[in-house]
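K.L.:
Please see the structure below; I have some questions.
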Amino acid sequence: MDRYTVGLICAGGSGAPLLRRLLDAPFVDVVGVADFDEGSPGIEMAREAKVPVVDHFLDLVEHGSGIDILIDVSGSQKVGDEVRRFLHFCGNTHTVFVHERVALLIMSLCAGSRTQAPLENMTRY
């Protein structure tokens, strides 16, 4: 695998900085961003990079095995539960689902200090 295909759920306070890093990585193809808030900081960034934007996370999950890694930084347990249920229902054993805690750990490692999720993310979905 030369490149990773990645989808991102939530382009707000935690999602936008992560999206910037993903877009800058030469070994990553961001194949979609899901956020119901058109005003999220990452939405404009995604559009400028010509990354498809959808307003519901399941629209992104429907890409199926076309996504290697699906990162959820919504902070919503409901979103994570629905994504896992949908992947299981579709028999998608290819896509790796990464929830917010793992994403924040990775972002913290990159930053050299602990990164916190903004409180606004906790109720986005």
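Each chain in the structure tokens gets a letter, A, B and so on, in the order shown; residues start at 1 in every chain, and ligands are counted from 1 in the order they appear.
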Check the DSSP output for the backbone and give back, as JSON, numbers by chain, the residues of chain A in strand (DSSP E or B).

P.N.:
{"A": [4, 5, 6, 7, 8, 9, 28, 29, 30, 31, 32, 33, 34, 53, 54, 69, 70, 71, 72, 96, 97, 98]}

K.L.:
What's around range 28-36 of chain A at 10 Å? Count only C-alpha atoms, leave out sequence neighbours fewer than 3 positions away in its own chain, and write the answer as a VMD selection string.

P.N.:
chain A and resid 2 to 12 15 19 21 to 25 39 to 40 42 to 43 46 to 47 49 to 61 63 66 to 72 74 124 to 125

K.L.:
Running DSSP on the backbone, which parts of chain A land in helix (DSSP H, G or I), as number ranges by chain?

P.N.:
A: 15-24, 41-48, 57-61, 64-66, 77-89, 100-111, 119-123

K.L.:
Just to be explicit: take each residue in the selection above, keep C-alpha atoms, and write the result as a PDB file, in the first residue's frame.

P.N.:
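Result saved to again.pdb:
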```
ATOM      1  CA  GLY A  15     -10.983  17.743  13.164  1.00  0.00           C
ATOM      2  CA  ALA A  16      -9.606  20.807  11.372  1.00  0.00           C
ATOM      3  CA  PRO A  17      -6.001  20.525  12.640  1.00  0.00           C
ATOM      4  CA  LEU A  18      -6.044  16.798  11.978  1.00  0.00           C
ATOM      5  CA  LEU A  19      -7.428  17.391   8.497  1.00  0.00           C
ATOM      6  CA  ARG A  20      -4.605  19.869   7.790  1.00  0.00           C
ATOM      7  CA  ARG A  21      -2.015  17.226   8.708  1.00  0.00           C
ATOM      8  CA  LEU A  22      -3.769  14.575   6.643  1.00  0.00           C
ATOM      9  CA  LEU A  23      -3.973  16.853   3.606  1.00  0.00           C
ATOM     10  CA  ASP A  24      -0.280  17.733   3.933  1.00  0.00           C
ATOM     11  CA  PRO A  41     -13.294  25.214  10.119  1.00  0.00           C
ATOM     12  CA  GLY A  42     -12.330  22.089   8.206  1.00  0.00           C
ATOM     13  CA  ILE A  43     -15.189  22.232   5.716  1.00  0.00           C
ATOM     14  CA  GLU A  44     -13.708  25.143   3.764  1.00  0.00           C
ATOM     15  CA  MET A  45     -10.277  23.519   3.971  1.00  0.00           C
ATOM     16  CA  ALA A  46     -11.696  20.289   2.536  1.00  0.00           C
ATOM     17  CA  ARG A  47     -13.493  22.109  -0.261  1.00  0.00           C
ATOM     18  CA  GLU A  48     -10.357  24.056  -1.180  1.00  0.00           C
ATOM     19  CA  PHE A  57     -21.360  10.661   8.666  1.00  0.00           C
ATOM     20  CA  LEU A  58     -23.101   7.568   7.277  1.00  0.00           C
ATOM     21  CA  ASP A  59     -22.817   9.054   3.779  1.00  0.00           C
ATOM     22  CA  LEU A  60     -19.063   8.853   4.280  1.00  0.00           C
ATOM     23  CA  VAL A  61     -19.150   5.361   5.776  1.00  0.00           C
ATOM     24  CA  GLY A  64     -17.108   0.983   2.159  1.00  0.00           C
ATOM     25  CA  SER A  65     -13.734  -0.613   1.585  1.00  0.00           C
ATOM     26  CA  GLY A  66     -12.689   2.451  -0.443  1.00  0.00           C
ATOM     27  CA  GLN A  77     -20.671   7.826  21.459  1.00  0.00           C
ATOM     28  CA  LYS A  78     -23.744   7.555  19.225  1.00  0.00           C
ATOM     29  CA  VAL A  79     -21.691   8.266  16.103  1.00  0.00           C
ATOM     30  CA  GLY A  80     -19.120   5.631  17.017  1.00  0.00           C
ATOM     31  CA  ASP A  81     -21.798   3.063  17.760  1.00  0.00           C
ATOM     32  CA  GLU A  82     -23.588   3.717  14.469  1.00  0.00           C
ATOM     33  CA  VAL A  83     -20.367   3.592  12.439  1.00  0.00           C
ATOM     34  CA  ARG A  84     -19.331   0.267  13.989  1.00  0.00           C
ATOM     35  CA  ARG A  85     -22.825  -1.153  13.474  1.00  0.00           C
ATOM     36  CA  PHE A  86     -22.887  -0.024   9.835  1.00  0.00           C
ATOM     37  CA  LEU A  87     -19.418  -1.437   9.081  1.00  0.00           C
ATOM     38  CA  HIS A  88     -20.424  -4.749  10.644  1.00  0.00           C
ATOM     39  CA  PHE A  89     -23.791  -4.854   8.844  1.00  0.00           C
ATOM     40  CA  GLU A 100     -11.555  10.264  19.039  1.00  0.00           C
ATOM     41  CA  ARG A 101      -9.350   9.069  21.900  1.00  0.00           C
ATOM     42  CA  VAL A 102      -6.951   7.341  19.526  1.00  0.00           C
ATOM     43  CA  ALA A 103      -6.963  10.330  17.168  1.00  0.00           C
ATOM     44  CA  LEU A 104      -6.204  12.678  20.080  1.00  0.00           C
ATOM     45  CA  LEU A 105      -3.360  10.424  21.202  1.00  0.00           C
ATOM     46  CA  ILE A 106      -1.836  10.529  17.723  1.00  0.00           C
ATOM     47  CA  MET A 107      -2.271  14.307  17.512  1.00  0.00           C
ATOM     48  CA  SER A 108      -0.701  14.677  20.972  1.00  0.00           C
ATOM     49  CA  LEU A 109       2.295  12.589  19.945  1.00  0.00           C
ATOM     50  CA  CYS A 110       2.756  14.761  16.849  1.00  0.00           C
ATOM     51  CA  ALA A 111       2.467  17.965  18.901  1.00  0.00           C
ATOM     52  CA  LEU A 119     -16.003  20.838  24.493  1.00  0.00           C
ATOM     53  CA  GLU A 120     -18.036  21.850  21.426  1.00  0.00           C
ATOM     54  CA  ASN A 121     -17.138  18.519  19.828  1.00  0.00           C
ATOM     55  CA  MET A 122     -18.775  16.533  22.564  1.00  0.00           C
ATOM     56  CA  THR A 123     -22.308  17.317  21.353  1.00  0.00           C
TER      57      THR A 123
END
```

K.L.:
Provide the CA of Val73 in chain A to CA of Thr115 in chain A distance in Å, to one decimal place.

P.N.:
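Straight-line distance from CA of Val73 in chain A to CA of Thr115 in chain A works out to 12.4 Å.
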
K.L.:
CA of Asp37 in chain A and CA of Gly13 in chain A are how many Å apart?

P.N.:
11.9 Å
